[in-house]
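Participant: Take a look at protein28.cif, mmCIF, C-alpha atoms:
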data_target
#
loop_
_atom_site.label_atom_id
_atom_site.label_comp_id
_atom_site.auth_asym_id
_atom_site.auth_seq_id
_atom_site.Cartn_x
_atom_site.Cartn_y
_atom_site.Cartn_z
CA MET S 1269 62.30 81.26 110.66
CA GLN S 1270 60.83 77.75 111.02
CA GLU S 1271 63.80 75.87 109.63
CA PRO S 1272 66.32 74.67 112.18
CA LYS S 1273 69.15 75.96 109.94
CA ALA S 1274 67.80 79.50 110.14
CA TYR S 1275 67.61 79.19 113.89
CA ASP S 1276 71.18 78.04 114.02
CA ARG S 1277 72.37 80.78 111.68
CA TYR S 1278 70.91 83.59 113.79
CA SER S 1279 71.05 81.84 117.18
CA ARG S 1280 73.49 84.31 118.76
CA GLN S 1281 71.19 87.25 118.16
CA LEU S 1282 67.98 85.26 118.71
CA ILE S 1283 68.95 84.53 122.30
CA LEU S 1284 69.48 88.24 122.98
CA LYS S 1285 67.14 89.80 125.50
CA ASP S 1286 64.53 91.93 123.70
CA PHE S 1287 65.41 90.45 120.28
CA GLY S 1288 64.21 86.88 119.66
CA PRO S 1289 62.31 85.37 116.70
CA ALA S 1290 59.97 88.37 116.39
CA ALA S 1291 62.83 90.78 115.70
CA GLN S 1292 64.51 88.26 113.38
CA GLU S 1293 61.28 87.99 111.39
CA LYS S 1294 61.14 91.80 111.09
CA LEU S 1295 64.64 91.75 109.60
CA ARG S 1296 63.69 89.02 107.14
CA LYS S 1297 60.65 91.00 106.02
CA GLY S 1298 62.62 94.26 106.04
CA SER S 1299 64.06 96.06 103.03
CA VAL S 1300 66.95 98.53 102.89
CA LEU S 1301 68.23 100.67 100.02
CA ILE S 1302 71.92 101.59 100.30
CA ILE S 1303 73.23 104.32 98.02
CA GLY S 1304 76.99 104.00 97.70
CA ALA S 1305 78.95 100.73 97.86
CA GLY S 1306 82.26 102.27 98.96
CA GLY S 1307 83.94 102.72 102.33
CA LEU S 1308 80.65 103.16 104.21
CA GLY S 1309 78.50 100.95 101.98
CA CYS S 1310 80.67 97.80 102.19
CA PRO S 1311 80.35 97.18 105.95
CA ILE S 1312 76.70 98.31 105.97
CA ILE S 1313 75.74 95.80 103.28
CA GLN S 1314 77.80 92.98 104.80
CA TYR S 1315 76.36 93.35 108.29
CA LEU S 1316 72.78 93.78 107.10
CA VAL S 1317 72.97 90.65 104.94
CA ALA S 1318 74.68 88.76 107.76
CA ALA S 1319 71.99 89.88 110.22
CA GLY S 1320 69.26 88.47 107.97
CA VAL S 1321 67.72 91.52 106.28
CA GLY S 1322 65.54 90.00 103.54
CA ARG S 1323 65.75 92.52 100.72
CA ILE S 1324 68.62 94.85 99.86
CA GLY S 1325 68.95 97.48 97.13
CA ILE S 1326 72.43 98.77 96.24
CA ALA S 1327 73.30 101.67 93.94
CA ASP S 1328 76.81 102.62 92.82
CA HIS S 1329 78.07 103.47 89.35
CA ASP S 1330 81.77 103.15 90.20
CA LYS S 1331 84.21 100.40 89.37
CA VAL S 1332 86.69 99.00 91.90
CA SER S 1333 90.11 100.68 91.80
CA LEU S 1334 93.34 99.87 93.61
CA SER S 1335 93.07 102.92 95.90
CA ASN S 1336 89.67 101.64 97.16
CA LEU S 1337 91.07 98.46 98.67
CA HIS S 1338 92.50 99.88 101.90
CA ARG S 1339 89.01 100.74 103.15
CA GLN S 1340 86.48 98.92 100.95
CA ILE S 1341 87.32 95.51 102.32
CA LEU S 1342 84.73 93.56 100.32
CA PHE S 1343 86.98 94.00 97.29
CA GLY S 1344 90.28 92.36 96.30
CA VAL S 1345 92.81 92.88 93.51
CA GLU S 1346 90.91 90.44 91.28
CA ASP S 1347 87.89 92.80 91.42
CA ILE S 1348 89.72 95.85 90.03
CA ASP S 1349 87.82 97.39 87.09
CA ALA S 1350 84.68 95.38 87.88
CA TYR S 1351 81.50 97.25 88.82
CA LYS S 1352 81.31 97.46 92.61
CA VAL S 1353 77.67 96.39 92.72
CA ASP S 1354 78.42 93.24 90.67
CA VAL S 1355 81.13 92.16 93.11
CA VAL S 1356 78.96 93.01 96.10
CA LYS S 1357 76.01 91.03 94.76
CA ARG S 1358 78.15 87.96 94.08
CA LYS S 1359 79.81 88.05 97.49
CA MET S 1360 76.55 88.65 99.36
CA HIS S 1361 74.87 85.76 97.60
CA ALA S 1362 77.81 83.58 98.63
CA MET S 1363 77.23 84.72 102.21
CA ASP S 1364 73.48 84.09 102.05
CA PRO S 1365 71.89 82.75 98.85
CA ALA S 1366 68.42 83.58 100.21
CA VAL S 1367 68.91 87.35 100.31
CA ASP S 1368 67.05 89.28 97.62
CA ILE S 1369 69.46 91.84 96.10
CA HIS S 1370 68.69 94.44 93.46
CA CYS S 1371 71.53 96.56 92.04
CA TRP S 1372 71.81 99.78 90.06
CA ARG S 1373 75.07 100.41 88.19
CA GLU S 1374 74.02 103.78 86.81
CA GLN S 1375 74.44 107.17 88.42
CA TRP S 1376 71.73 107.52 91.08
CA MET S 1377 69.48 110.42 90.07
CA HIS S 1378 66.28 112.22 91.09
CA ASN S 1379 64.02 109.83 89.21
CA HIS S 1380 65.59 106.81 90.95
CA CYS S 1381 64.83 108.39 94.33
CA LEU S 1382 61.18 109.01 93.54
CA GLU S 1383 60.66 105.62 91.92
CA TYR S 1384 62.51 103.38 94.35
CA PHE S 1385 62.47 105.03 97.80
CA PRO S 1386 58.79 104.05 98.29
CA GLN S 1387 59.73 100.39 97.70
CA TYR S 1388 62.08 100.20 100.71
CA ASP S 1389 61.62 100.50 104.48
CA VAL S 1390 64.87 102.34 105.19
CA ILE S 1391 67.20 104.42 103.00
CA VAL S 1392 70.94 104.60 103.76
CA ASP S 1393 73.15 107.47 102.59
CA ALA S 1394 76.61 105.98 102.04
CA THR S 1395 77.66 108.48 99.35
CA ASP S 1396 80.72 110.72 99.31
CA ASN S 1397 79.53 114.09 98.01
CA PHE S 1398 77.13 116.84 99.02
CA ALA S 1399 75.14 116.92 95.77
CA SER S 1400 74.06 113.31 96.35
CA ARG S 1401 73.54 113.82 100.08
CA TYR S 1402 71.19 116.78 99.64
CA MET S 1403 69.30 115.04 96.83
CA ILE S 1404 68.83 111.88 98.93
CA ASN S 1405 67.84 113.91 101.98
CA ASP S 1406 65.22 115.94 100.12
CA ALA S 1407 63.81 112.82 98.45
CA ALA S 1408 63.61 110.97 101.78
CA VAL S 1409 61.63 113.87 103.27
CA LEU S 1410 59.37 113.99 100.20
CA THR S 1411 58.69 110.24 100.28
CA GLY S 1412 58.53 110.09 104.09
CA LYS S 1413 61.30 107.50 104.44
CA PRO S 1414 63.66 107.00 107.39
CA LEU S 1415 67.19 107.95 106.31
CA VAL S 1416 70.35 106.70 108.00
CA PHE S 1417 73.10 109.23 107.33
CA GLY S 1418 76.84 108.62 107.67
CA ALA S 1419 79.88 110.65 106.58
CA VAL S 1420 83.58 110.84 107.32
CA SER S 1421 86.24 113.53 107.32
CA ALA S 1422 89.91 112.61 107.89
CA TYR S 1423 89.82 110.95 111.38
CA GLU S 1424 86.20 111.83 112.29
CA GLY S 1425 82.77 110.58 111.34
CA GLN S 1426 79.11 111.57 111.73
CA VAL S 1427 76.00 109.38 112.00
CA ALA S 1428 72.35 110.41 112.30
CA VAL S 1429 68.84 109.14 111.64
CA PHE S 1430 66.54 111.54 109.78
CA ASN S 1431 62.78 111.64 109.21
CA VAL S 1432 62.08 109.56 112.30
CA ARG S 1433 60.24 111.09 115.24
CA PRO S 1434 62.21 110.55 118.42
CA LYS S 1435 60.63 108.16 120.92
CA GLY S 1436 60.39 110.98 123.46
CA GLY S 1437 58.29 113.09 121.04
CA GLY S 1438 58.97 116.14 118.87
CA ASP S 1439 59.17 116.78 115.14
CA ALA S 1440 61.54 114.71 113.02
CA VAL S 1441 64.56 116.52 111.60
CA ASN S 1442 66.49 116.05 108.37
CA TYR S 1443 69.93 117.09 107.09
CA ARG S 1444 68.66 120.55 106.08
CA ASP S 1445 67.96 121.24 109.76
CA LEU S 1446 71.71 120.90 110.36
CA PHE S 1447 72.91 122.74 107.26
CA PRO S 1448 70.04 124.34 105.31
CA ASP S 1449 72.25 125.08 102.28
CA PRO S 1450 74.86 122.76 100.77
CA PRO S 1451 78.50 123.81 100.95
CA LYS S 1452 79.91 124.76 97.59
CA ASP S 1453 82.08 122.33 95.68
CA GLY S 1454 85.58 122.39 97.15
CA GLU S 1455 84.51 124.20 100.35
CA VAL S 1456 84.65 120.94 102.29
CA LEU S 1457 87.17 118.36 101.15
CA ASN S 1458 86.32 114.68 100.55
CA CYS S 1459 88.34 111.51 101.20
CA SER S 1460 90.23 111.64 97.90
CA GLU S 1461 91.46 115.10 98.85
CA THR S 1462 92.04 114.88 102.64
CA GLY S 1463 92.73 111.17 102.94
CA VAL S 1464 91.05 108.69 105.27
CA LEU S 1465 92.27 105.89 107.52
CA GLY S 1466 90.68 102.70 106.15
CA VAL S 1467 89.14 101.60 109.42
CA LEU S 1468 87.21 104.87 109.91
CA PRO S 1469 84.44 104.35 107.30
CA GLY S 1470 84.31 100.77 108.60
CA ILE S 1471 83.45 102.05 112.06
CA ILE S 1472 80.96 104.64 110.79
CA GLY S 1473 79.37 102.11 108.39
CA CYS S 1474 78.95 99.65 111.29
CA LEU S 1475 77.25 102.37 113.34
CA GLN S 1476 74.90 103.02 110.39
CA ALA S 1477 74.14 99.28 110.08
CA ALA S 1478 73.31 99.20 113.80
CA GLU S 1479 70.85 102.08 113.32
CA VAL S 1480 69.19 100.27 110.41
CA ILE S 1481 68.75 97.12 112.52
CA LYS S 1482 67.25 99.20 115.36
CA LEU S 1483 64.83 100.92 112.97
CA LEU S 1484 63.69 97.64 111.39
CA THR S 1485 63.26 95.75 114.66
CA GLY S 1486 62.21 98.57 116.97
CA ILE S 1487 64.86 97.78 119.59
CA GLY S 1488 66.72 100.53 121.44
CA MET S 1489 66.77 104.26 120.77
CA PRO S 1490 67.67 105.18 117.18
CA LEU S 1491 69.76 108.34 116.67
CA ALA S 1492 66.63 110.28 115.71
CA ASN S 1493 67.18 114.04 116.16
CA ARG S 1494 70.73 113.39 117.30
CA LEU S 1495 74.04 113.74 115.48
CA LEU S 1496 76.72 111.35 116.70
CA THR S 1497 80.29 112.40 116.01
CA TYR S 1498 83.15 109.97 116.39
CA GLN S 1499 86.82 110.92 116.73
CA LEU S 1500 89.19 108.06 115.98
CA LEU S 1501 92.42 109.61 117.29
CA ASN S 1502 91.18 109.84 120.87
CA GLN S 1503 88.36 107.27 120.56
CA SER S 1504 85.64 109.64 121.69
CA PHE S 1505 81.98 110.04 120.83
CA PHE S 1506 80.15 113.36 121.00
CA THR S 1507 76.38 113.59 120.54
CA LEU S 1508 74.47 116.72 119.62
CA GLN S 1509 70.75 117.17 120.10
CA LEU S 1510 69.13 118.48 116.90
CA SER S 1511 66.00 120.54 116.45
CA PRO S 1512 64.09 121.82 113.40
CA HIS S 1513 65.77 124.79 111.68
CA PRO S 1514 63.41 127.58 110.55
CA GLU S 1515 65.14 127.77 107.13
CA SER S 1516 65.00 124.02 106.49
CA ARG S 1517 61.41 123.82 105.28
CA LYS S 1518 61.93 126.71 102.85
CA ARG S 1519 64.81 124.87 101.16
CA LEU S 1520 63.15 121.47 100.79
CA ALA S 1521 61.43 120.47 97.56
CA ILE S 1522 57.70 120.94 98.08
CA ASN S 1523 56.58 118.32 95.55
CA ALA S 1524 57.89 115.85 92.97
CA GLU S 1525 57.99 118.41 90.14
CA ASN S 1526 59.92 120.85 92.27
CA PHE S 1527 62.32 118.08 93.34
CA LEU S 1528 62.90 116.86 89.77
CA ALA S 1529 63.64 120.44 88.69
CA THR S 1530 66.33 120.95 91.35
CA ASP S 1531 69.87 120.69 90.00
CA TYR S 1532 71.79 119.45 93.04
CA VAL S 1533 75.15 119.40 91.31
CA ARG S 1534 74.71 123.05 90.42
CA LEU S 1535 73.61 123.90 93.97
CA CYS S 1536 76.98 122.64 95.16
CA GLN S 1537 79.00 124.29 92.40
CA VAL S 1538 81.45 127.09 92.79
CA PRO S 1539 79.79 130.47 92.46
CA GLY S 1540 81.25 132.73 89.80
CA GLU S 1541 80.80 131.10 86.45
CA GLY S 1542 83.23 132.15 83.80
CA VAL S 1543 86.26 130.71 85.57
CA MET S 1544 88.75 130.14 82.77
CA GLU S 1545 90.23 126.68 82.75
CA LEU S 1546 93.52 125.82 81.13
CA GLY S 1547 94.27 122.28 79.93
CA VAL S 1548 97.47 120.62 81.11
CA GLU S 1549 98.95 120.36 77.61
CA THR S 1550 98.33 124.02 76.83
CA TRP S 1551 99.85 125.07 80.12
CA HIS S 1552 102.88 122.85 79.58
CA GLN S 1553 103.55 124.31 76.13
CA GLN S 1554 103.34 127.89 77.41
CA ARG S 1555 104.39 127.20 80.99
CA ASN S 1556 106.76 130.15 81.31
CA GLU S 1557 103.82 132.54 81.00
CA TYR S 1558 102.19 131.38 84.23
CA LEU S 1559 102.90 131.77 87.92
CA LEU S 1560 101.72 128.51 89.47
CA VAL S 1561 99.70 128.87 92.71
CA ASP S 1562 99.25 125.57 94.55
CA VAL S 1563 96.05 125.86 96.65
CA ARG S 1564 96.29 122.37 98.14
CA GLU S 1565 96.86 121.92 101.87
CA PRO S 1566 100.55 121.76 102.90
CA ASP S 1567 100.61 117.98 103.49
CA GLU S 1568 99.16 116.98 100.13
CA GLN S 1569 101.32 114.90 97.80
CA PRO S 1570 102.97 114.91 95.34
CA ARG S 1571 104.62 118.25 95.90
CA LEU S 1572 105.31 120.50 92.94
CA ASP S 1573 108.49 122.28 94.06
CA GLU S 1574 110.91 119.78 92.44
CA MET S 1575 109.16 119.89 89.09
CA CYS S 1576 108.95 123.68 89.23
CA SER S 1577 112.61 124.15 90.02
CA ALA S 1578 113.59 121.66 87.30
CA LEU S 1579 111.48 123.55 84.75
CA HIS S 1580 112.44 126.98 86.18
CA LEU S 1581 108.80 127.84 86.90
CA ASP S 1582 107.55 130.45 89.32
CA TYR S 1583 105.64 128.68 92.08
CA VAL S 1584 103.89 129.70 95.32
CA GLN S 1585 101.75 127.81 97.80
CA MET S 1586 98.57 129.25 99.29
CA PRO S 1587 96.22 126.59 100.70
CA LEU S 1588 92.52 127.21 100.06
CA SER S 1589 91.85 126.94 103.82
CA SER S 1590 93.80 130.17 104.32
CA PHE S 1591 93.46 131.59 100.84
CA SER S 1592 93.61 135.35 100.58
CA PRO S 1593 93.67 136.99 97.13
CA ASP S 1594 95.24 140.11 98.67
CA ARG S 1595 98.40 138.24 99.58
CA LEU S 1596 98.97 136.86 96.08
CA PRO S 1597 102.07 138.03 94.25
CA ILE S 1598 101.31 139.93 91.08
CA PRO S 1599 102.89 138.08 88.17
CA ALA S 1600 105.57 140.22 86.52
CA GLN S 1601 104.34 139.05 83.14
CA GLY S 1602 101.65 136.62 82.15
CA SER S 1603 98.98 135.18 84.44
CA LEU S 1604 98.32 133.28 87.64
CA LEU S 1605 97.46 129.61 87.30
CA MET S 1606 95.65 128.02 90.26
CA VAL S 1607 96.27 124.32 90.79
CA CYS S 1608 94.84 121.73 93.23
CA LYS S 1609 94.39 117.95 93.12
CA SER S 1610 91.39 117.71 90.80
CA GLY S 1611 90.68 121.24 89.57
CA ARG S 1612 87.70 121.86 91.87
CA ARG S 1613 89.37 123.87 94.63
CA SER S 1614 91.53 125.72 92.09
CA ALA S 1615 88.33 126.81 90.31
CA ARG S 1616 87.04 128.16 93.60
CA ALA S 1617 90.31 130.00 94.27
CA THR S 1618 90.20 131.40 90.73
CA ALA S 1619 86.69 132.72 91.34
CA MET S 1620 87.90 134.38 94.55
CA VAL S 1621 90.77 136.07 92.73
CA MET S 1622 88.41 137.21 89.94
CA ASN S 1623 86.10 138.78 92.52
CA ASN S 1624 88.77 140.46 94.64
CA ARG S 1625 91.53 141.21 92.16
CA PRO S 1626 89.93 141.85 88.77
CA ASP S 1627 93.25 143.40 87.70
CA ILE S 1628 95.10 140.06 87.74
CA PRO S 1629 94.63 137.60 84.85
CA VAL S 1630 93.93 134.20 86.42
CA PHE S 1631 93.22 130.65 85.25
CA SER S 1632 92.46 127.30 86.86
CA LEU S 1633 94.39 124.19 85.80
CA LYS S 1634 91.80 121.72 84.50
CA GLY S 1635 92.09 118.32 86.17
CA GLY S 1636 94.76 119.60 88.57
CA VAL S 1637 97.73 117.56 89.76
CA ASP S 1638 95.87 114.38 88.76
CA ALA S 1639 95.91 115.53 85.15
CA MET S 1640 99.63 116.41 85.39
CA ILE S 1641 100.32 112.87 86.56
CA GLU S 1642 98.10 111.37 83.89
CA SER S 1643 99.88 113.20 81.10
CA LYS S 1644 103.25 112.25 82.68
CA ILE S 1645 104.31 115.85 83.21
CA LEU S 1646 104.71 115.13 86.91
CA MET N 1130 85.25 130.01 131.90
CA ILE N 1131 83.71 128.34 128.88
CA GLU N 1132 84.94 125.45 126.79
CA VAL N 1133 85.04 125.69 122.98
CA LEU N 1134 85.34 122.58 120.79
CA PHE N 1135 86.21 122.42 117.07
CA PHE N 1136 85.42 119.44 114.86
CA GLY N 1137 86.40 118.16 111.41
CA GLN N 1138 88.21 120.47 109.03
CA LEU N 1139 87.70 123.46 111.34
CA THR N 1140 90.77 122.20 113.19
CA ASP N 1141 92.77 122.86 109.99
CA ILE N 1142 91.98 126.52 110.66
CA THR N 1143 92.28 126.61 114.45
CA ARG N 1144 95.08 123.99 114.76
CA ILE N 1145 93.52 123.03 118.11
CA SER N 1146 90.44 120.97 118.91
CA SER N 1147 89.48 122.71 122.14
CA LEU N 1148 90.22 125.81 124.16
CA SER N 1149 89.06 127.43 127.39
CA LEU N 1150 88.07 131.08 127.34
CA ASP N 1151 86.78 133.65 129.77
CA SER N 1152 83.02 133.87 129.69
CA PHE N 1153 81.22 135.64 126.85
CA SER N 1154 77.74 137.09 127.16
CA ASP N 1155 76.39 135.30 124.10
CA THR N 1156 77.33 133.14 121.12
CA ASP N 1157 77.60 136.14 118.75
CA SER N 1158 80.30 137.79 120.84
CA LEU N 1159 82.13 134.47 121.12
CA VAL N 1160 81.99 134.00 117.32
CA SER N 1161 83.35 137.48 116.61
CA HIS N 1162 86.18 136.91 119.12
CA LEU N 1163 87.03 133.58 117.45
CA GLN N 1164 86.92 135.14 113.98
CA GLN N 1165 89.44 137.74 115.08
CA ARG N 1166 91.70 135.06 116.46
CA PHE N 1167 91.16 132.66 113.50
CA PRO N 1168 90.22 134.87 110.51
CA ASP N 1169 89.57 131.92 108.19
CA LEU N 1170 86.75 130.78 110.45
CA ALA N 1171 84.65 133.52 108.83
CA LYS N 1172 84.79 131.63 105.53
CA ALA N 1173 84.06 128.20 107.00
CA LYS N 1174 80.70 126.45 107.15
CA TYR N 1175 79.63 125.11 110.56
CA MET N 1176 76.78 124.89 113.02
CA ILE N 1177 77.00 125.76 116.70
CA ALA N 1178 75.85 123.68 119.65
CA VAL N 1179 75.70 124.94 123.22
CA ASP N 1180 75.80 122.26 125.89
CA ASN N 1181 75.13 119.64 123.21
CA HIS N 1182 72.05 121.38 121.77
CA VAL N 1183 72.30 122.81 118.27
CA ILE N 1184 71.22 126.44 118.16
CA ASN N 1185 69.71 128.27 115.18
CA SER N 1186 70.18 131.83 116.48
CA ALA N 1187 72.37 133.55 119.07
CA ILE N 1188 71.78 132.60 122.70
CA SER N 1189 73.30 133.80 125.97
CA LEU N 1190 76.14 131.84 127.51
CA LYS N 1191 76.68 130.84 131.14
CA PRO N 1192 80.01 130.15 132.84
CA GLY N 1193 80.80 126.49 132.32
CA SER N 1194 79.02 126.31 128.94
CA ARG N 1195 80.50 124.01 126.34
CA ILE N 1196 80.23 125.36 122.79
CA ALA N 1197 80.84 123.04 119.83
CA PHE N 1198 81.59 124.19 116.26
CA MET N 1199 80.59 121.41 113.88
CA PRO N 1200 81.18 121.50 110.10
CA PRO N 1201 79.46 119.25 107.55
CA PHE N 1202 81.36 116.05 106.57
CA SER N 1203 81.07 114.69 103.06
CA GLY N 1204 83.41 111.70 102.74
CA GLY N 1205 82.31 108.11 102.34
#
Transcribe the structure of this file into structure tokens.
Facilitator:
Amino acid sequence: MQEPKAYDRYSRQLILKDFGPAAQEKLRKGSVLIIGAGGLGCPIIQYLVAAGVGRIGIADHDKVSLSNLHRQILFGVEDIDAYKVDVVKRKMHAMDPAVDIHCWREQWMHNHCLEYFPQYDVIVDATDNFASRYMINDAAVLTGKPLVFGAVSAYEGQVAVFNVRPKGGGDAVNYRDLFPDPPKDGEVLNCSETGVLGVLPGIIGCLQAAEVIKLLTGIGMPLANRLLTYQLLNQSFFTLQLSPHPESRKRLAINAENFLATDYVRLCQVPGEGVMELGVETWHQQRNEYLLVDVREPDEQPRLDEMCSALHLDYVQMPLSSFSPDRLPIPAQGSLLMVCKSGRRSARATAMVMNNRPDIPVFSLKGGVDAMIESKIL
Amino acid sequence: MIEVLFFGQLTDITRISSLSLDSFSDTDSLVSHLQQRFPDLAKAKYMIAVDNHVINSAISLKPGSRIAFMPPFSGG
């Protein structure tokens, strides 16, 4: 902070009331681990580096794809197929060569949490699935680290700060105090299934970055024990006061061994193993033996009716959000084949049919509509 | 009267984000009324907040209460 250049660089926040060189120094000495370098992660990383946070860790095993670009605005067409963390590191070093950045390109797992959480001041959940969110939450509780949570759903977003005692007093809460058990896979849709307006994760990511800066510097009132919900369509914020849930402590990992033994992916999986999956090619060869049941929501594209009428296939729509096995037509011959975008919701629908209508033979189309497109059937 | 708010994907079920209802004695009776009106709500995952405080078990409701139904969000 002694060099005049540094003063110039951060002058607009240094002159802020209640900020000054002391807060700037806390940022420089601060360290933040961001898991997920997608829609939420991009703005979080950019603003934290710009603000002068000294050490940043970034984990993401994905590569940049064309459909990322509308919301992950750190990336351009020249970055497609490159690892996100490699692009982020290069661009952040261009923004500030002094920032210390460590990246992980592998899938973030239990052992990463236990090894690296203790090395950072603040952990940021910028992931896009419940298995990761519950794993990160439990690890943050176990390692006693502040966790800045952010998530989006269509036109709405949520932000909260966990494992931090509110300034007014009281016990700190974590994500399990909101929802003690994870939803099952497919029960709550993610961005690739419901869609998202690009600016929304930008807004939520900026709110998360603001919480990180408050935690590192001590300014303001972090969202400890509060859940902030943002609604883009009417530009409104709604804040809920959180309190410890009696079931939360029973669900948390009690020690490192217990945590390492928890299979978070399985916790979020569809109940009812034994769902029979059918590959796209097999279905296509024997397509007249199946009644296709599209369990996607009515607005989801591409629609299947044209293909079905061209191929003379029986086809019904029954979105998972209002799915009722009792209302399913009984196929005159052959079986029901559930289909969704990726094969996750159709597996759930298949399990529901198996439980409620054991008389009907039912399968789930593996890979869903995505697989139909990939194999050029659709 | 009480005000009921729905967030996130719950509005896919209810098709509305808020509604006003005559008073209910407690949150349990409100939930069973809403599940009759919107049957798929029974299958949905959400938490309930009364006057901006999340509740973990049923509590009594007063006229003018605002009850929020909040699901988990997963996208990023």
Participant: Which residues of chain S have any atom within 7 Å of an atom in chain N when counting all atoms listed in the file, and what is the closest pair of atoms for each, with the distance in Å to one decimal? Order the rows by chain and rising number and write it as a Markdown table.
Facilitator:
| residue | atom | partner | partner_atom | distance |
| --- | --- | --- | --- | --- |
| S:Gly1306 | CA | N:Gly1205 | CA | 6.7 |
| S:Gly1307 | CA | N:Gly1205 | CA | 5.6 |
| S:Leu1308 | CA | N:Gly1205 | CA | 5.5 |
| S:Ala1394 | CA | N:Gly1205 | CA | 6.1 |
| S:Thr1395 | CA | N:Gly1205 | CA | 5.5 |
| S:Asp1396 | CA | N:Gly1205 | CA | 4.3 |
| S:Asn1397 | CA | N:Ser1203 | CA | 5.3 |
| S:Phe1398 | CA | N:Ser1203 | CA | 6.0 |
| S:Ala1419 | CA | N:Gly1204 | CA | 5.3 |
| S:Val1420 | CA | N:Gly1204 | CA | 4.7 |
| S:Ser1421 | CA | N:Phe1202 | CA | 5.5 |
| S:Glu1424 | CA | N:Gly1137 | CA | 6.4 |
| S:Leu1446 | CA | N:Met1176 | CA | 7.0 |
| S:Asn1458 | CA | N:Gly1204 | CA | 4.7 |
| S:Cys1459 | CA | N:Gly1204 | CA | 5.2 |
| S:Pro1469 | CA | N:Gly1205 | CA | 6.6 |
| S:Thr1507 | CA | N:Asn1181 | CA | 6.7 |
| S:Leu1508 | CA | N:Asn1181 | CA | 4.7 |
| S:Gln1509 | CA | N:His1182 | CA | 4.7 |
| S:Leu1510 | CA | N:Val1183 | CA | 5.5 |
| S:Ser1511 | CA | N:Val1183 | CA | 6.9 |
| S:His1513 | CA | N:Asn1185 | CA | 6.3 |
| S:Ser1589 | CA | N:Ile1142 | CA | 6.9 |
| S:Ser1590 | CA | N:Asp1169 | CA | 6.0 |
Participant: Selected by the PyMOL selection byres ((chain S and resi 1331-1334) around 6) in the shown coordinates: which residues, as a VMD selection string?
Facilitator: chain S and resid 1330 1335 to 1337 1348 to 1352
Participant: Record the distance separating CA of Arg1444 in chain S and CA of Val1456 in chain S, expressed in Å with one decimal.
Facilitator: 16.4 Å
Participant: One decimal, Å: what's the distance from CA of Phe1198 in chain N over to CA of Leu1134 in chain N, could you say?
Facilitator: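 Here the two named atoms are 6.1 Å from each other.
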Participant: How would you write, as a list in words, the residues chosen by the PyMOL selection byres ((chain S and resi 1388-1392) around 6) on this structure?
Facilitator: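 Answer for the PyMOL selection byres ((chain S and resi 1388-1392) around 6): Ser1299, Val1300, Leu1301, Ile1302, Phe1385, Pro1386, Gln1387, Asp1393, Pro1414, Leu1415 and Val1416 of chain S.
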Participant: Let me see the file: selected residues, C-alpha atoms, as a PDB file, keeping the file's coordinate frame.
Facilitator:
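Written file, result-v2.pdb:
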ATOM      1  CA  SER S1299      64.060  96.060 103.030  1.00  0.00           C
ATOM      2  CA  VAL S1300      66.950  98.530 102.890  1.00  0.00           C
ATOM      3  CA  LEU S1301      68.230 100.670 100.020  1.00  0.00           C
ATOM      4  CA  ILE S1302      71.920 101.590 100.300  1.00  0.00           C
ATOM      5  CA  PHE S1385      62.470 105.030  97.800  1.00  0.00           C
ATOM      6  CA  PRO S1386      58.790 104.050  98.290  1.00  0.00           C
ATOM      7  CA  GLN S1387      59.730 100.390  97.700  1.00  0.00           C
ATOM      8  CA  ASP S1393      73.150 107.470 102.590  1.00  0.00           C
ATOM      9  CA  PRO S1414      63.660 107.000 107.390  1.00  0.00           C
ATOM     10  CA  LEU S1415      67.190 107.950 106.310  1.00  0.00           C
ATOM     11  CA  VAL S1416      70.350 106.700 108.000  1.00  0.00           C
TER      12      VAL S1416
END
Participant: Could you give me the centre and size, in Å to one decimal, of an axis-aligned box around all listed atoms of range 1154-1172 of chain N with 4 Å added on every side, as lines of an AutoDock Vina configuration file?
Facilitator:
center_x = 84.0
center_y = 134.3
center_z = 116.3
size_x = 23.3
size_y = 15.0
size_z = 29.6
Participant: Please evaluate the PyMOL selection byres ((chain S and resi 1556) around 12) against the displayed coordinates and give the resulting residues as a ChimeraX atom specification.
Facilitator: /S:1550-1555,1557-1560,1576,1579-1583,1599-1605
Participant: Residues at most 8 Å from Val1441 in chain S, counting only C-alpha atoms, excluding those fewer than 3 positions away in the same chain, as a count of residues only?
Facilitator: 11
Participant: Which polymer residues have any atom within 10 Å of an atom of Leu1646 in chain S, counting all atoms listed in the file, with same-chain residues fewer than 2 positions away left out, as a VMD selection string?
Facilitator: chain S and resid 1570 to 1572 1574 to 1576 1637 to 1644
Participant: Might you pull out every residue within 10 Å of Gly1636 in chain S, with all atoms listed in the file counted and same-chain residues fewer than 6 positions away left off, and present them as a VMD selection string?
Facilitator: chain S and resid 1546 to 1548 1562 1606 to 1615
Participant: Output C-alpha atoms for every residue in that selection, as a short mmCIF file (atom, residue, chain, number, x, y, z; two decimals), keeping the file's coordinate frame.
Facilitator:
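Output file part_19.cif is given in full below:
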data_model
loop_
_atom_site.label_atom_id
_atom_site.label_comp_id
_atom_site.auth_asym_id
_atom_site.auth_seq_id
_atom_site.Cartn_x
_atom_site.Cartn_y
_atom_site.Cartn_z
CA LEU S 1546 93.52 125.82 81.13
CA GLY S 1547 94.27 122.28 79.93
CA VAL S 1548 97.47 120.62 81.11
CA ASP S 1562 99.25 125.57 94.55
CA MET S 1606 95.65 128.02 90.26
CA VAL S 1607 96.27 124.32 90.79
CA CYS S 1608 94.84 121.73 93.23
CA LYS S 1609 94.39 117.95 93.12
CA SER S 1610 91.39 117.71 90.80
CA GLY S 1611 90.68 121.24 89.57
CA ARG S 1612 87.70 121.86 91.87
CA ARG S 1613 89.37 123.87 94.63
CA SER S 1614 91.53 125.72 92.09
CA ALA S 1615 88.33 126.81 90.31
#
